[in-house]
file start-v7.txt (compact mmCIF, C-alpha atoms)
# COMPACT_ATOMS: atom_id res chain seq x y z
CA MET E 1 6.75 16.17 1.90
CA PHE E 2 6.17 18.71 4.66
CA SER E 3 5.95 17.88 8.33
CA ASP E 4 4.91 19.75 11.45
CA GLN E 5 8.58 20.19 12.21
CA SER E 6 9.32 21.84 8.86
CA ILE E 7 6.58 24.40 9.36
CA VAL E 8 7.79 25.15 12.86
CA LEU E 9 11.30 25.50 11.47
CA LEU E 10 10.02 27.84 8.80
CA GLY E 11 8.36 29.99 11.44
CA MET E 12 11.60 30.15 13.40
CA HIS E 13 13.46 30.77 10.18
CA GLY E 14 11.53 33.95 9.63
CA ILE E 15 11.03 35.22 13.16
CA LYS E 16 14.51 34.49 14.40
CA ALA E 17 16.39 35.08 11.15
CA ALA E 18 18.46 37.88 12.60
CA GLU E 19 19.35 35.83 15.67
CA LEU E 20 20.42 32.89 13.55
CA LEU E 21 22.55 35.26 11.53
CA SER E 22 24.29 36.53 14.62
CA SER E 23 25.18 32.99 15.69
CA GLY E 24 27.57 32.62 12.70
CA ASP E 25 31.05 34.05 12.47
CA ALA E 26 31.43 37.78 11.91
CA ASP E 27 32.80 37.62 8.33
CA SER E 28 30.08 35.41 6.90
CA ALA E 29 27.42 37.39 8.75
CA SER E 30 28.80 40.60 7.30
CA THR E 31 28.90 39.13 3.78
CA LEU E 32 25.34 37.91 4.12
CA ILE E 33 24.23 41.36 5.24
CA ASN E 34 25.88 42.93 2.20
CA TRP E 35 24.16 40.49 -0.14
CA ASN E 36 20.89 41.05 1.66
CA PHE E 37 21.39 44.78 1.15
CA ILE E 38 21.69 44.26 -2.60
CA PHE E 39 18.95 41.68 -2.99
CA SER E 40 16.42 43.55 -0.86
CA ALA E 41 16.69 46.47 -3.27
CA ILE E 42 15.42 44.41 -6.22
CA PRO E 43 11.84 43.78 -4.99
CA SER E 44 11.47 47.47 -4.21
CA VAL E 45 12.56 48.46 -7.71
CA ALA E 46 10.32 45.82 -9.28
CA PHE E 47 7.32 47.02 -7.30
CA ALA E 48 8.08 50.62 -8.25
CA MET E 49 8.33 49.63 -11.92
CA MET E 50 4.99 47.80 -11.71
CA PHE E 51 3.41 51.14 -10.88
CA ALA E 52 5.49 53.10 -13.40
CA VAL E 53 7.65 55.13 -11.05
CA PRO E 54 9.84 57.24 -13.38
CA ARG E 55 13.25 55.75 -14.19
CA ARG E 56 15.27 58.54 -12.60
CA TYR E 57 13.80 57.82 -9.18
CA LEU E 58 14.39 54.07 -9.18
CA PRO E 59 17.87 54.31 -7.56
CA PHE E 60 16.31 56.11 -4.59
CA VAL E 61 13.64 53.46 -4.29
CA ALA E 62 16.34 50.77 -4.40
CA LEU E 63 18.33 52.50 -1.66
CA GLY E 64 15.18 52.99 0.42
CA GLY E 65 14.23 49.31 0.17
CA ALA E 66 17.73 48.14 1.00
CA TYR E 67 18.10 50.50 3.97
CA ALA E 68 14.66 49.63 5.32
CA PHE E 69 15.42 45.92 5.24
CA LEU E 70 18.93 46.33 6.66
CA LEU E 71 17.75 48.64 9.40
CA ARG E 72 15.02 46.24 10.46
CA SER E 73 17.47 43.32 10.52
CA GLU E 74 19.96 45.32 12.56
CA LEU E 75 17.32 46.50 15.02
CA MET E 76 16.18 42.91 15.53
CA ARG E 77 19.74 41.69 15.84
CA HIS E 78 21.38 44.33 18.02
CA ALA E 79 18.52 46.03 19.84
CA ASN E 80 16.50 42.81 20.26
CA PHE E 81 13.45 44.55 18.86
CA ASP E 82 10.37 42.57 18.01
CA VAL E 83 9.66 42.28 14.27
CA VAL E 84 6.69 44.65 14.59
CA VAL E 85 8.58 47.39 16.42
CA ALA E 86 11.64 46.98 14.21
CA SER E 87 9.48 47.25 11.09
CA PHE E 88 7.88 50.42 12.41
CA TRP E 89 11.17 52.19 13.17
CA ALA E 90 12.76 51.09 9.89
CA THR E 91 9.77 52.36 7.90
CA LEU E 92 9.65 55.59 9.89
CA ALA E 93 13.33 56.28 9.21
CA VAL E 94 12.95 55.69 5.48
CA SER E 95 9.79 57.76 5.35
CA PHE E 96 11.52 60.72 7.04
CA ALA E 97 14.41 60.44 4.59
CA PHE E 98 12.06 60.52 1.62
CA ILE E 99 10.43 63.73 2.82
CA ALA E 100 13.74 65.42 2.07
CA VAL E 101 14.21 63.56 -1.22
CA SER E 102 10.71 64.38 -2.44
CA ARG E 103 11.21 68.08 -1.69
CA ILE E 104 14.49 68.16 -3.60
CA PHE E 105 13.04 66.43 -6.67
CA ARG E 106 9.52 67.87 -6.34
CA ALA E 107 8.10 64.39 -6.64
CA PRO E 108 5.27 62.82 -4.61
CA ARG E 109 6.65 61.10 -1.52
CA LEU E 110 4.27 58.18 -1.96
CA MET E 111 6.08 56.80 -4.99
CA PHE E 112 9.27 56.38 -2.97
CA THR E 113 7.97 55.17 0.36
CA VAL E 114 5.45 52.50 -0.63
CA ALA E 115 7.87 50.63 -2.88
CA SER E 116 10.65 50.97 -0.31
CA VAL E 117 8.78 49.09 2.40
CA ILE E 118 7.90 46.16 0.14
CA PRO E 119 10.84 43.99 1.36
CA LEU E 120 9.35 44.23 4.86
CA ILE E 121 6.00 42.68 3.87
CA PRO E 122 5.36 39.76 6.27
CA GLY E 123 4.85 37.06 3.64
CA LYS E 124 5.86 34.18 5.88
CA PHE E 125 3.46 35.10 8.67
CA ALA E 126 0.64 35.42 6.17
CA TYR E 127 1.52 32.05 4.67
CA LEU E 128 1.65 30.34 8.07
CA ALA E 129 -1.69 31.89 9.03
CA LEU E 130 -3.17 30.56 5.79
CA MET E 131 -1.76 27.09 6.35
CA SER E 132 -3.12 27.03 9.90
CA LEU E 133 -6.54 28.16 8.68
CA MET E 134 -6.63 25.38 6.09
CA GLN E 135 -6.00 22.76 8.74
CA ILE E 136 -8.68 23.84 11.21
CA PRO E 137 -11.65 21.97 9.62
CA THR E 138 -9.85 18.62 9.40
CA ALA E 139 -7.48 18.75 12.36
CA GLY E 140 -9.60 16.76 14.82
CA ASP E 141 -8.13 16.79 18.33
CA THR E 142 -5.30 19.14 17.39
CA ARG E 143 -7.73 21.75 16.11
CA LEU E 144 -7.13 24.12 19.02
CA GLY E 145 -3.41 24.28 18.19
CA TYR E 146 -4.19 25.36 14.64
CA VAL E 147 -6.71 27.92 15.87
CA VAL E 148 -4.05 29.39 18.16
CA GLY E 149 -1.54 29.28 15.29
CA PHE E 150 -3.93 31.05 12.97
CA VAL E 151 -4.68 33.78 15.50
CA GLU E 152 -1.00 34.22 16.34
CA TYR E 153 0.28 34.40 12.76
CA SER E 154 -2.57 36.50 11.41
CA SER E 155 -2.24 38.98 14.26
CA GLN E 156 1.50 39.19 13.59
CA THR E 157 0.76 39.82 9.92
CA LEU E 158 -1.77 42.53 10.73
CA MET E 159 0.49 44.18 13.26
CA VAL E 160 3.48 44.28 10.90
CA LEU E 161 1.29 45.67 8.11
CA SER E 162 -0.11 48.30 10.47
CA ALA E 163 3.41 49.19 11.60
CA LEU E 164 4.46 49.66 7.97
CA ALA E 165 1.43 51.81 7.21
CA LEU E 166 1.92 53.95 10.32
CA GLY E 167 5.61 54.34 9.57
CA VAL E 168 4.80 55.62 6.09
CA VAL E 169 1.90 57.85 7.08
CA LEU E 170 3.10 59.50 10.32
CA PRO E 171 6.09 61.65 9.18
CA PRO E 172 4.20 63.91 6.77
CA ILE E 173 1.53 64.50 9.41
CA LEU E 174 4.21 65.76 11.78
CA PHE E 175 5.90 67.93 9.16
CA TYR E 176 3.16 69.21 6.88
CA ARG E 177 -0.08 69.79 8.67
CA SER E 178 -1.59 72.18 6.19
CA ARG E 179 0.44 71.92 3.01
CA PRO E 180 1.56 68.93 0.90
CA VAL E 181 5.23 68.04 0.48
CA VAL E 182 5.32 69.20 -3.15
CA MET N 1 -25.73 83.19 -9.02
CA PHE N 2 -25.16 79.44 -9.01
CA LEU N 3 -24.78 77.42 -12.21
CA CYS N 4 -24.65 73.68 -12.58
CA VAL N 5 -22.38 72.12 -15.21
CA CYS N 6 -24.48 69.17 -16.23
CA ALA N 7 -25.25 68.37 -19.86
CA SER N 8 -28.81 69.68 -19.72
CA CYS N 9 -27.80 73.04 -18.31
CA ALA N 10 -24.71 73.60 -20.43
CA ASN N 11 -26.67 74.93 -23.42
CA ASP N 12 -28.20 77.71 -21.35
CA TRP N 13 -24.97 79.59 -20.93
CA ASN N 14 -24.42 82.40 -23.31
CA THR N 15 -21.55 84.59 -22.34
CA ASP N 16 -17.88 83.71 -22.90
CA MET N 17 -17.12 84.26 -19.25
CA GLU N 18 -19.70 81.70 -18.14
CA ILE N 19 -18.41 79.12 -20.59
CA SER N 20 -14.88 79.78 -19.51
CA LEU N 21 -15.74 79.36 -15.87
CA SER N 22 -17.69 76.17 -16.50
CA GLN N 23 -14.89 74.76 -18.62
CA SER N 24 -12.45 75.60 -15.88
CA ALA N 25 -14.59 73.79 -13.34
CA LYS N 26 -14.76 70.74 -15.61
CA LEU N 27 -11.03 70.89 -16.16
CA LEU N 28 -10.29 71.05 -12.45
CA ALA N 29 -12.69 68.17 -11.83
CA ASP N 30 -10.89 66.17 -14.53
CA TYR N 31 -7.62 66.93 -12.82
CA ALA N 32 -8.92 65.74 -9.44
CA VAL N 33 -10.32 62.56 -11.01
CA ARG N 34 -7.00 61.78 -12.65
CA MET N 35 -5.16 62.38 -9.38
CA VAL N 36 -7.44 59.97 -7.54
CA ARG N 37 -7.27 57.40 -10.33
CA CYS N 38 -3.50 57.34 -10.53
CA GLY N 39 -3.19 56.64 -6.82
CA SER N 40 -2.83 59.97 -5.07
CA GLU N 41 -3.82 60.35 -1.44
CA THR N 42 -7.20 62.07 -1.28
CA ARG N 43 -5.82 64.98 0.73
CA ILE N 44 -3.16 65.64 -1.92
CA ALA N 45 -5.74 65.44 -4.72
CA VAL N 46 -7.98 67.96 -2.94
CA GLN N 47 -5.14 70.31 -2.03
CA ASN N 48 -3.59 70.25 -5.49
CA THR N 49 -6.91 71.04 -7.14
CA GLU N 50 -7.47 73.93 -4.74
CA ARG N 51 -3.94 75.20 -5.40
CA LEU N 52 -4.60 75.04 -9.14
CA SER N 53 -7.81 76.99 -8.71
CA LYS N 54 -5.98 79.65 -6.74
CA ALA N 55 -3.13 79.75 -9.27
CA PHE N 56 -5.60 80.42 -12.09
CA GLY N 57 -7.11 83.29 -10.14
CA PHE N 58 -10.48 81.99 -9.05
CA ALA N 59 -11.88 83.67 -5.98
CA SER N 60 -12.62 80.45 -4.14
CA ALA N 61 -12.67 76.73 -4.70
CA ASP N 62 -14.33 73.87 -2.89
CA VAL N 63 -13.18 70.39 -3.79
CA ALA N 64 -14.79 67.25 -2.41
CA VAL N 65 -13.63 63.73 -3.12
CA VAL N 66 -15.80 60.89 -1.92
CA SER N 67 -16.00 57.30 -2.99
CA GLY N 68 -16.86 57.23 -6.70
CA LEU N 69 -17.38 60.99 -7.05
CA VAL N 70 -15.37 64.18 -7.39
CA SER N 71 -17.00 67.56 -7.05
CA VAL N 72 -15.36 70.92 -7.78
CA CYS N 73 -17.05 74.24 -7.11
CA ILE N 74 -15.26 77.43 -8.19
CA SER N 75 -16.33 81.04 -8.17
CA ASP N 76 -15.28 84.45 -9.39
CA GLU N 77 -16.70 87.82 -8.37
CA HIS N 78 -19.93 87.24 -10.33
CA GLN N 79 -20.94 83.61 -10.10
CA THR N 80 -20.30 80.15 -8.78
CA VAL N 81 -20.03 77.05 -10.96
CA SER N 82 -19.79 73.43 -9.91
CA ALA N 83 -18.74 70.33 -11.83
CA MET N 84 -18.96 66.68 -10.90
CA ARG N 85 -17.13 63.68 -12.23
CA ARG N 86 -17.38 59.97 -11.59
CA SER N 87 -14.13 58.53 -10.29
CA ASP N 88 -12.66 55.19 -9.34
CA VAL N 89 -9.49 54.03 -7.66
CA ILE N 90 -8.22 51.68 -10.36
CA GLY N 91 -5.30 52.45 -12.66
CA ILE N 92 -2.51 53.44 -10.29
CA ASN N 93 0.35 55.05 -12.17
CA MET N 94 3.09 56.98 -10.40
CA SER N 95 4.45 58.52 -13.58
CA THR N 96 1.10 60.19 -14.19
CA LEU N 97 0.92 61.29 -10.57
CA HIS N 98 4.36 62.86 -10.86
CA ALA N 99 3.46 64.67 -14.08
CA LEU N 100 0.17 65.94 -12.62
CA THR N 101 1.92 67.19 -9.49
CA ASN N 102 4.45 69.08 -11.60
CA LEU N 103 1.60 70.74 -13.48
CA VAL N 104 0.48 72.34 -10.21
CA ILE N 105 3.99 73.55 -9.45
CA ASP N 106 4.24 75.09 -12.93
CA ALA N 107 0.82 76.71 -12.64
CA GLU N 108 1.72 78.21 -9.26
CA SER N 109 4.93 79.65 -10.61
CA GLY N 110 2.91 81.43 -13.29
CA ASN N 111 4.40 79.52 -16.22
CA LEU N 112 1.12 78.02 -17.31
CA SER N 113 -2.10 79.49 -18.66
CA LEU N 114 -5.37 77.62 -18.34
CA GLU N 115 -5.24 76.62 -22.03
CA GLU N 116 -1.66 75.38 -21.73
CA PHE N 117 -2.61 73.50 -18.61
CA GLU N 118 -5.44 71.77 -20.46
CA ASP N 119 -3.17 70.83 -23.38
CA ARG N 120 -0.46 69.49 -21.12
CA MET N 121 -2.88 67.53 -18.99
CA ARG N 122 -4.42 65.87 -22.06
CA LEU N 123 -0.96 64.88 -23.23
CA ILE N 124 -0.09 63.06 -20.00
CA GLY N 125 -0.49 59.37 -20.77
CA ASN N 126 -0.16 56.35 -18.55
CA TYR N 127 3.46 55.37 -19.03
CA GLU N 128 4.36 51.70 -18.57
CA TYR N 129 7.65 49.88 -18.71
CA PRO N 130 8.11 47.32 -21.53
CA LYS N 131 6.42 44.01 -20.78
CA TRP N 132 9.51 41.86 -21.39
CA LEU N 133 11.47 44.03 -18.96
CA MET N 134 8.76 43.76 -16.33
CA VAL N 135 8.63 39.95 -16.61
CA LEU N 136 12.41 39.84 -16.12
CA VAL N 137 12.38 42.31 -13.25
CA ILE N 138 9.53 40.56 -11.43
CA GLY N 139 11.45 37.28 -11.76
CA LEU N 140 14.53 38.97 -10.32
CA ALA N 141 12.44 40.45 -7.53
CA ALA N 142 11.17 36.98 -6.61
CA TYR N 143 14.81 35.80 -6.69
CA GLY N 144 15.74 38.67 -4.37
CA PHE N 145 12.83 37.96 -2.04
CA ALA N 146 13.84 34.29 -1.85
CA PHE N 147 17.43 35.27 -1.08
CA ILE N 148 16.59 37.69 1.73
CA ASN N 149 14.25 35.06 3.18
CA GLU N 150 17.28 32.75 3.31
CA GLY N 151 16.31 30.43 0.49
CA GLY N 152 19.01 28.38 -1.23
CA PHE N 153 20.23 28.93 -4.80
CA GLU N 154 17.78 26.44 -6.32
CA CYS N 155 14.95 28.00 -4.31
CA CYS N 156 15.89 31.39 -5.75
CA LEU N 157 15.88 29.96 -9.29
CA VAL N 158 12.47 28.36 -8.77
CA SER N 159 11.18 31.67 -7.40
CA PHE N 160 12.55 33.49 -10.43
CA ALA N 161 10.74 31.14 -12.82
CA ALA N 162 7.47 31.11 -10.85
CA GLY N 163 7.47 34.89 -10.36
CA SER N 164 8.06 35.51 -14.06
CA LEU N 165 5.38 33.01 -15.04
CA SER N 166 2.79 34.59 -12.74
CA PHE N 167 3.50 37.96 -14.28
CA ILE N 168 3.24 36.58 -17.81
CA THR N 169 -0.17 35.24 -16.74
CA ARG N 170 -1.12 38.71 -15.52
CA TYR N 171 -0.26 40.31 -18.85
CA ALA N 172 -1.97 37.57 -20.87
CA LEU N 173 -5.22 37.83 -18.89
CA PHE N 174 -5.28 41.63 -18.91
CA LYS N 175 -4.85 41.45 -22.67
CA LEU N 176 -7.91 39.21 -22.81
CA LYS N 177 -9.73 41.85 -20.72
CA VAL N 178 -10.46 39.42 -17.91
CA PHE N 179 -12.00 41.00 -14.79
CA ALA N 180 -9.22 42.37 -12.55
CA MET N 181 -9.97 40.14 -9.56
CA GLY N 182 -10.01 37.10 -11.84
CA VAL N 183 -6.55 38.09 -13.00
CA PHE N 184 -5.21 38.26 -9.46
CA LEU N 185 -6.81 34.94 -8.57
CA SER N 186 -5.18 33.34 -11.61
CA CYS N 187 -1.81 34.92 -10.83
CA GLY N 188 -1.90 33.58 -7.28
CA PHE N 189 -2.84 30.17 -8.64
CA VAL N 190 -0.20 30.04 -11.39
CA GLY N 191 2.62 31.45 -9.23
CA THR N 192 2.05 29.02 -6.36
CA LEU N 193 1.45 26.04 -8.65
CA ALA N 194 4.58 26.74 -10.69
CA ALA N 195 6.71 27.17 -7.56
CA GLY N 196 5.29 23.98 -6.02
CA GLU N 197 5.69 21.85 -9.15
CA LEU N 198 9.22 23.08 -9.83
CA SER N 199 10.15 22.46 -6.20
CA PHE N 200 8.87 18.88 -6.51
CA ALA N 201 10.72 18.39 -9.77
CA LEU N 202 14.02 19.69 -8.40
CA GLY N 203 13.58 17.96 -5.04
CA LEU N 204 13.99 21.08 -2.95
CA ALA N 205 14.10 20.96 0.84
CA PRO N 206 10.72 21.66 2.50
CA GLN N 207 11.71 25.09 3.78
CA ASP N 208 12.99 26.13 0.36
CA SER N 209 9.82 24.92 -1.36
CA ILE N 210 7.67 26.94 1.01
CA ILE N 211 9.81 30.05 0.58
CA ALA N 212 9.57 29.68 -3.22
CA MET N 213 5.78 29.44 -3.03
CA ILE N 214 5.52 32.46 -0.75
CA VAL N 215 7.77 34.80 -2.70
CA SER N 216 6.42 33.93 -6.15
CA VAL N 217 3.18 35.79 -5.34
CA LEU N 218 4.49 38.36 -2.88
CA LEU N 219 4.61 41.18 -5.41
CA PHE N 220 0.86 40.96 -5.87
CA VAL N 221 0.32 42.64 -2.52
CA PRO N 222 -1.83 45.75 -3.08
CA GLY N 223 0.66 48.12 -1.49
CA PHE N 224 -0.56 51.42 -2.92
CA PRO N 225 -4.29 51.08 -2.13
CA PHE N 226 -3.39 49.88 1.36
CA MET N 227 -1.04 52.77 2.13
CA THR N 228 -3.25 55.45 0.60
CA GLY N 229 -6.31 53.93 2.28
CA PHE N 230 -4.55 54.02 5.63
CA SER N 231 -3.41 57.56 4.99
CA ASP N 232 -6.94 58.65 4.04
CA LEU N 233 -8.26 57.03 7.20
CA ILE N 234 -5.88 58.99 9.39
CA LYS N 235 -6.46 62.25 7.55
CA GLY N 236 -10.23 62.03 7.79
CA TYR N 237 -11.30 61.00 4.28
CA TYR N 238 -13.25 58.02 5.55
CA SER N 239 -15.26 57.30 2.44
CA MET N 240 -12.19 57.00 0.24
CA ALA N 241 -10.31 55.15 2.97
CA ILE N 242 -13.01 52.50 3.23
CA THR N 243 -13.14 52.13 -0.55
CA ARG N 244 -9.39 51.70 -0.82
CA LEU N 245 -9.07 49.36 2.15
CA ALA N 246 -12.00 47.31 0.84
CA LEU N 247 -10.23 47.08 -2.52
CA THR N 248 -7.09 45.91 -0.72
CA PHE N 249 -9.04 43.27 1.18
CA ILE N 250 -10.84 41.97 -1.91
CA HIS N 251 -7.61 41.96 -3.91
CA LEU N 252 -5.80 39.98 -1.20
CA SER N 253 -8.75 37.62 -0.83
CA PHE N 254 -8.69 36.73 -4.51
CA VAL N 255 -4.94 36.12 -4.50
CA THR N 256 -5.44 33.94 -1.41
CA VAL N 257 -8.17 31.93 -3.15
CA GLY N 258 -5.76 31.40 -6.06
CA ILE N 259 -3.10 30.16 -3.65
CA LEU N 260 -5.56 27.81 -1.94
CA LEU N 261 -6.66 26.40 -5.30
CA ALA N 262 -3.02 25.78 -6.16
CA PHE N 263 -2.54 23.98 -2.84
CA SER N 264 -5.48 21.74 -3.63
CA VAL N 265 -3.92 20.83 -6.98
CA LEU N 266 -0.55 20.23 -5.37
CA SER N 267 -2.19 18.09 -2.68
CA VAL N 268 -0.58 20.28 -0.10
CA HIS N 269 -3.52 19.83 2.22
CA GLY N 270 -2.06 18.03 5.22
CA TRP N 271 1.46 19.38 4.99
CA VAL N 272 1.10 21.32 8.19

call {"tool": "encode", "arguments": {"input": "start-v7.txt", "output": "structure tokens"}}
result
Amino acid sequence: MFSDQSIVLLGMHGIKAAELLSSGDADSASTLINWNFIFSAIPSVAFAMMFAVPRRYLPFVALGGAYAFLLRSELMRHANFDVVVASFWATLAVSFAFIAVSRIFRAPRLMFTVASVIPLIPGKFAYLALMSLMQIPTAGDTRLGYVVGFVEYSSQTLMVLSALALGVVLPPILFYRSRPVV
Amino acid sequence: MFLCVCASCANDWNTDMEISLSQSAKLLADYAVRMVRCGSETRIAVQNTERLSKAFGFASADVAVVSGLVSVCISDEHQTVSAMRRSDVIGINMSTLHALTNLVIDAESGNLSLEEFEDRMRLIGNYEYPKWLMVLVIGLAAYGFAFINEGGFECCLVSFAAGSLSFITRYALFKLKVFAMGVFLSCGFVGTLAAGELSFALGLAPQDSIIAMIVSVLLFVPGFPFMTGFSDLIKGYYSMAITRLALTFIHLSFVTVGILLAFSVLSVHGWV
């Protein structure tokens, strides 16, 4: 059912998604971005609901998730940022915004920011790393290729996750060195 | 004078003031434990407890949170009392965290006595959204994930079904009081298997099938322990950071084992 080519395509699909988007005409690209904006909000809200974020804050989480995803896509598309760097800046921007929101509502910043970065989780890289790892014991002569694939995809996964964590954690350190946000 | 608030020593205290101080120490320790349990960063838990202590007029407060233990030591002009509580990092609930944070704000503004604080803290329960709503929302989230990962319509539908099914599994196993890591393993297994089987049945394109399998388990990422663990690491609470990051790693490992088991059932081995 699945071939080498399909996996390679899937990798491209994820890494170069923004570039593929830009290759289409402007109207369809714009429509797709709008739909992405809406659909990227849903996982954030779902994740927030899993951990019982109060109902009145869910719209902010939805907006945060949508903006984080859109910002990362735009940074990759227009600024030619790597997925790791784009993820970091998108997360940082959302995290800064939620410092203001959490002060206004006197709510812990954590419950906004963590759920908002969920659409940026590098699921595809993790999956590809896992698939490469599974193949190493039985790959024979092509084993080295799978080893390289595993190292590449797992390091990408780790770097994106680290970028997300840094993006969430850094802003409050810069703003509140001795006192919490609320 | 230094007093310890353990069960064997508690009977030795005679005066009202001593009991009050010891009860306060226990109360503050309870507060810190609840903060840690519901997913607060360690620094916030420590700072909030110290702020509470100051708001209630204690001369000084020392709060320490390490892996599995919370210690609170408060003093007035006559004596010092310490209290310890066992803590864990399971049971994350942002509603509780929000309510506990607001208690501190109220106490600082002088609207709360110690007794009122105790009553209000006891009344804070772990709110959860209705299960049927969560199953629906998780399905929709998987649909959304599939869409933003450029899956087709059928891929999104398969993701919706598989995501919902994995969450139903989660609820069913938690109801049976299965060990938490067993639950996550099973969820990874069921989500991936359902997505794979439905993809086969509907004859989805390879890319769409893979996307469906990825997104059906993506919401099981341990986002809160990872972020708070990372935050604790940067802010110097290494013990808690290691505990939380270890929990994240173990959690992810069990979901991964579930996914691998599902692959073996689907005979996916050799797709790559």

call {"tool": "atom_distance", "arguments": {"input": "start-v7.txt", "atom1": "CA of Ile250 (chain N)", "atom2": "CA of Gly223 (chain N)"}}
result
13.0 Å

call {"tool": "closest_atom_pairs", "arguments": {"input": "start-v7.txt", "of": "chain N", "to": "chain E", "cutoff": "6 Å", "atoms": "only C-alpha atoms", "output": "JSON lines"}}
result
{"residue": "N:Asn93", "atom": "CA", "partner": "E:Phe51", "partner_atom": "CA", "distance": 5.1}
{"residue": "N:Met94", "atom": "CA", "partner": "E:Val53", "partner_atom": "CA", "distance": 5.0}
{"residue": "N:Ser95", "atom": "CA", "partner": "E:Val53", "partner_atom": "CA", "distance": 5.3}
{"residue": "N:His98", "atom": "CA", "partner": "E:Ala107", "partner_atom": "CA", "distance": 5.8}
{"residue": "N:Glu128", "atom": "CA", "partner": "E:Ala52", "partner_atom": "CA", "distance": 5.5}
{"residue": "N:Val137", "atom": "CA", "partner": "E:Ala46", "partner_atom": "CA", "distance": 5.7}
{"residue": "N:Ile138", "atom": "CA", "partner": "E:Ala46", "partner_atom": "CA", "distance": 5.7}
{"residue": "N:Ala141", "atom": "CA", "partner": "E:Pro43", "partner_atom": "CA", "distance": 4.2}
{"residue": "N:Gly144", "atom": "CA", "partner": "E:Phe39", "partner_atom": "CA", "distance": 4.6}
{"residue": "N:Ile148", "atom": "CA", "partner": "E:Asn36", "partner_atom": "CA", "distance": 5.5}
{"residue": "N:Pro206", "atom": "CA", "partner": "E:Phe2", "partner_atom": "CA", "distance": 5.8}
{"residue": "N:Gln207", "atom": "CA", "partner": "E:Leu10", "partner_atom": "CA", "distance": 6.0}
{"residue": "N:Met227", "atom": "CA", "partner": "E:Ala165", "partner_atom": "CA", "distance": 5.7}
{"residue": "N:Ser231", "atom": "CA", "partner": "E:Val169", "partner_atom": "CA", "distance": 5.7}
{"residue": "N:Trp271", "atom": "CA", "partner": "E:Phe2", "partner_atom": "CA", "distance": 4.8}
{"residue": "N:Val272", "atom": "CA", "partner": "E:Asp4", "partner_atom": "CA", "distance": 5.3}

call {"tool": "atom_distance", "arguments": {"input": "start-v7.txt", "atom1": "CA of Val85 (chain E)", "atom2": "CA of Ala66 (chain E)"}}
result
17.9 Å

call {"tool": "atom_distance", "arguments": {"input": "start-v7.txt", "atom1": "CA of Ser24 (chain N)", "atom2": "CA of Asp232 (chain N)"}}
result
26.7 Å

call {"tool": "closest_residue", "arguments": {"input": "start-v7.txt", "among": "N:Leu245, N:Arg37, N:Leu21, N:Asn111", "to": "Ser75 (chain N)", "atoms": "only C-alpha atoms"}}
result
N:Leu21

call {"tool": "residues_around", "arguments": {"input": "start-v7.txt", "residues": "region 115-127 of chain N", "least_positions_apart": "4", "cutoff": "8 Å", "atoms": "all atoms listed in the file", "output": "MDAnalysis selection string"}}
result
(chainID E and resid 52) or (chainID N and resid 27 31 93 95:96 99:100 103 107)

call {"tool": "closest_residue", "arguments": {"input": "start-v7.txt", "among": "N:Glu154, N:Leu173, N:Pro225, N:Leu52", "to": "Leu202 (chain N)", "atoms": "all atoms listed in the file"}}
result
N:Glu154

call {"tool": "closest_residue", "arguments": {"input": "start-v7.txt", "among": "N:Val135, N:Leu28, N:Ala262, N:Leu198", "to": "Lys54 (chain N)", "atoms": "all atoms listed in the file"}}
result
N:Leu28

call {"tool": "closest_residue", "arguments": {"input": "start-v7.txt", "among": "N:Val221, N:Ile242, N:Ile211, N:Met84", "to": "Phe254 (chain N)", "atoms": "all atoms listed in the file"}}
result
N:Val221

call {"tool": "residues_around", "arguments": {"input": "start-v7.txt", "residues": "Glu197 (chain N)", "least_positions_apart": "6", "cutoff": "12 Å", "atoms": "only C-alpha atoms", "output": "number ranges by chain"}}
result
N: 158-159, 161-162, 189-191, 203-204, 209-210, 212-213, 262-263, 265-268

call {"tool": "residues_near_point", "arguments": {"input": "start-v7.txt", "point": "(-6.1, 66.6, -4.5)", "cutoff": "9 Å", "atoms": "all atoms listed in the file", "output": "mmCIF file with C-alpha atoms, keeping the file's coordinate frame"}}
result
data_model
loop_
_atom_site.group_PDB
_atom_site.id
_atom_site.type_symbol
_atom_site.label_atom_id
_atom_site.label_comp_id
_atom_site.auth_asym_id
_atom_site.auth_seq_id
_atom_site.Cartn_x
_atom_site.Cartn_y
_atom_site.Cartn_z
ATOM 1 C CA TYR N 31 -7.620 66.930 -12.820
ATOM 2 C CA ALA N 32 -8.920 65.740 -9.440
ATOM 3 C CA VAL N 33 -10.320 62.560 -11.010
ATOM 4 C CA MET N 35 -5.160 62.380 -9.380
ATOM 5 C CA VAL N 36 -7.440 59.970 -7.540
ATOM 6 C CA SER N 40 -2.830 59.970 -5.070
ATOM 7 C CA GLU N 41 -3.820 60.350 -1.440
ATOM 8 C CA THR N 42 -7.200 62.070 -1.280
ATOM 9 C CA ARG N 43 -5.820 64.980 0.730
ATOM 10 C CA ILE N 44 -3.160 65.640 -1.920
ATOM 11 C CA ALA N 45 -5.740 65.440 -4.720
ATOM 12 C CA VAL N 46 -7.980 67.960 -2.940
ATOM 13 C CA GLN N 47 -5.140 70.310 -2.030
ATOM 14 C CA ASN N 48 -3.590 70.250 -5.490
ATOM 15 C CA THR N 49 -6.910 71.040 -7.140
ATOM 16 C CA GLU N 50 -7.470 73.930 -4.740
ATOM 17 C CA ARG N 51 -3.940 75.200 -5.400
ATOM 18 C CA VAL N 63 -13.180 70.390 -3.790
ATOM 19 C CA ALA N 64 -14.790 67.250 -2.410
ATOM 20 C CA VAL N 65 -13.630 63.730 -3.120
#

call {"tool": "residues_near_point", "arguments": {"input": "start-v7.txt", "point": "(5.6, 50.2, 13.9)", "cutoff": "8 Å", "atoms": "all atoms listed in the file", "output": "VMD selection string"}}
result
chain E and resid 84 to 89 91 to 92 159 to 160 162 to 164 166 to 167
